[in-house]
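Q: Mind looking over this structure? Questions follow.
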Amino acid sequence: MTRIWQTKSRWLLPLLVLSCVFSIVAAVRRYFLQRKYQGRPYRAPVVVVGNITVGGSGKTPLIVALVNCLRTQGFVPGVVSRGYGGQAGSFPLEVASDTPASLCGDEPLLIASLTGCPVVVCANRSLAVTHLLSNFNCDVVLSDDGLQHYAMHREIELIVIDGQRGLGNGYRLPAGPLREGVQRLNETDFVLVNGALEHPSLAVLGDDAGHSMVIAPCHVRQLCSGLIYSIEAWIDQFAGAERHVHAVAAIGNPQRFADTLSALDLTVTLHAYDDHQPLGTSNFMFDDDFPVLITAKDAIKFSRGGAGLMPENVWILDIEAQVETAFIDKLVAELQTLQLAASQRA
């Protein structure tokens, strides 16, 4: 479907009727939820980091980068998430670095492990925010996804777009990848484009193309031991003369992971799985001795004991999101204004 959503194939025409129904239902739902909940702010501002398309766009590494940036500016951030792929259910769950990914989901566990900040998952994000603010001294909340969770009050909305896949064919679900219409981009506070503006659908951004962000590889880590190598040293020592690697990814956009490896002058064979899908040793077994590279999001699914049993040729490519200073400055200024207004009300 992801590939089809990049086209306007005639086979999608019957689905356009369902897209119209979906659009009407979504609009009515948004209208009533906003009327009911949007006048009920929490004691700390909520920043939603979401998207209007189905599939990965780089939200999780951006959340990690935002937590680190806000800390340097004196904020005490916390994170809430739905916990996709986990079994937390309708009750808030505090995520620690040793919480099983099968319980809390891979993305919240990765955020908690990389940042050490409070992370709470719950199917009801409003309950997650309330629990977070009741149990931790946070002064700003970042919501990992949740743009369409209108029962959660938010002060700032940030939409992330994948520069490669853009807005697809521009159709709403199920005929296209859009959860909401393109006009939603004009209603949000910030638009960030992950990577270059490659997709023609992004022409709708016009002269104001939003802010840019880049997901950059930073080092390679052995799954079973945790040993870290610089990318250059790892390639020289382990990639061999053929520089051929297997890329195993169960993420929203596996092709982006393969492209990142290809940009390092590696010859990549991609093995793509569904987003959040559990992986095991059998997923890393091939008929050759080429090294296997996986994402940090997939690696976090293995417990420390389980990771130690993995083959020695399985490696993690760690990445980081790099965002424009101008965007961070604007976000910080808005948050400081919100905090000042809250203190005056108190």
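Identifiers in the structure tokens: chain A, B, ... in order shown; residue index from 1 per chain; ligand index from 1 in order shown.
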Hey, what's within 12 Å of Gln148 (chain A) if we count only C-alpha atoms and toss same-chain stuff fewer than 6 positions away? As number ranges by chain, please?
A: A: 26-27, 29-31, 33-34, 48-54, 82, 125, 154, 157-159, 178-181, 184
Q: Would you mind listing what lies within 7 Å of region 218-220 of chain A as a list in words, with only C-alpha atoms counted and same-chain residues fewer than 4 positions away left out?
A: Ile228, Tyr229, Ser230, Ile231, Trp234, Trp315, Ile316, Leu317, Asp318, Ile319 and Glu320 of chain A
Q: Go through A:Ala112, A:Val140, A:Val182, A:Val245 and flag the residue nearest Arg71 (chain A), using only C-alpha atoms for the distances.
A: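 The answer is A:Val140, which sits nearest to Arg71 (chain A).
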Q: Could you list, as number ranges by chain, every residue within 12 Å of region 10-15 of chain A, counting only C-alpha atoms and ignoring same-chain residues fewer than 6 positions away?
A: A: 1, 4, 21-22, 169, 171-177
Q: Can you write out the residues you just picked, keeping C-alpha atoms, as an mmCIF file, in the first residue's frame?
A:
data_model
loop_
_atom_site.group_PDB
_atom_site.id
_atom_site.type_symbol
_atom_site.label_atom_id
_atom_site.label_comp_id
_atom_site.auth_asym_id
_atom_site.auth_seq_id
_atom_site.Cartn_x
_atom_site.Cartn_y
_atom_site.Cartn_z
ATOM 1 C CA MET A 1 0.000 0.000 0.000
ATOM 2 C CA ILE A 4 0.569 2.389 -4.258
ATOM 3 C CA VAL A 21 -16.451 9.104 4.398
ATOM 4 C CA PHE A 22 -13.227 8.993 6.431
ATOM 5 C CA ASN A 169 -0.650 10.958 -3.878
ATOM 6 C CA TYR A 171 -5.444 11.379 -1.050
ATOM 7 C CA ARG A 172 -6.907 10.708 2.380
ATOM 8 C CA LEU A 173 -7.026 7.200 3.866
ATOM 9 C CA PRO A 174 -7.606 4.569 2.540
ATOM 10 C CA ALA A 175 -6.947 5.814 -1.017
ATOM 11 C CA GLY A 176 -3.809 7.632 0.112
ATOM 12 C CA PRO A 177 -1.499 8.053 3.113
#
Q: Excluding Leu114 (chain A) and residues on its chain fewer than 3 positions from it, collect all residues at most 8 Å away from it, counting only C-alpha atoms, and give them as number ranges by chain.
A: A: 64, 110-111
Q: Write a file of the selected residues as a short mmCIF file (atom, residue, chain, number, x, y, z; two decimals), in the first residue's frame, keeping C-alpha atoms.
A:
data_model
loop_
_atom_site.label_atom_id
_atom_site.label_comp_id
_atom_site.auth_asym_id
_atom_site.auth_seq_id
_atom_site.Cartn_x
_atom_site.Cartn_y
_atom_site.Cartn_z
CA VAL A 64 15.19 12.73 21.57
CA LEU A 110 14.18 3.97 23.11
CA ILE A 111 13.35 7.53 24.18
#
Q: Between A:Lys301, A:Ala196, A:Arg35, A:Ala341, which one has atoms that come closest to Gly86 (chain A), using only C-alpha atoms?
A: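 Looking only at the distances to Gly86 (chain A), the closest residue turns out to be A:Lys301.
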Q: Within 7 Å of Gly166 (chain A), counting only C-alpha atoms, which residues qualify if same-chain residues fewer than 5 places away don't, as a ChimeraX atom specification?
A: /A:161,199,201-202
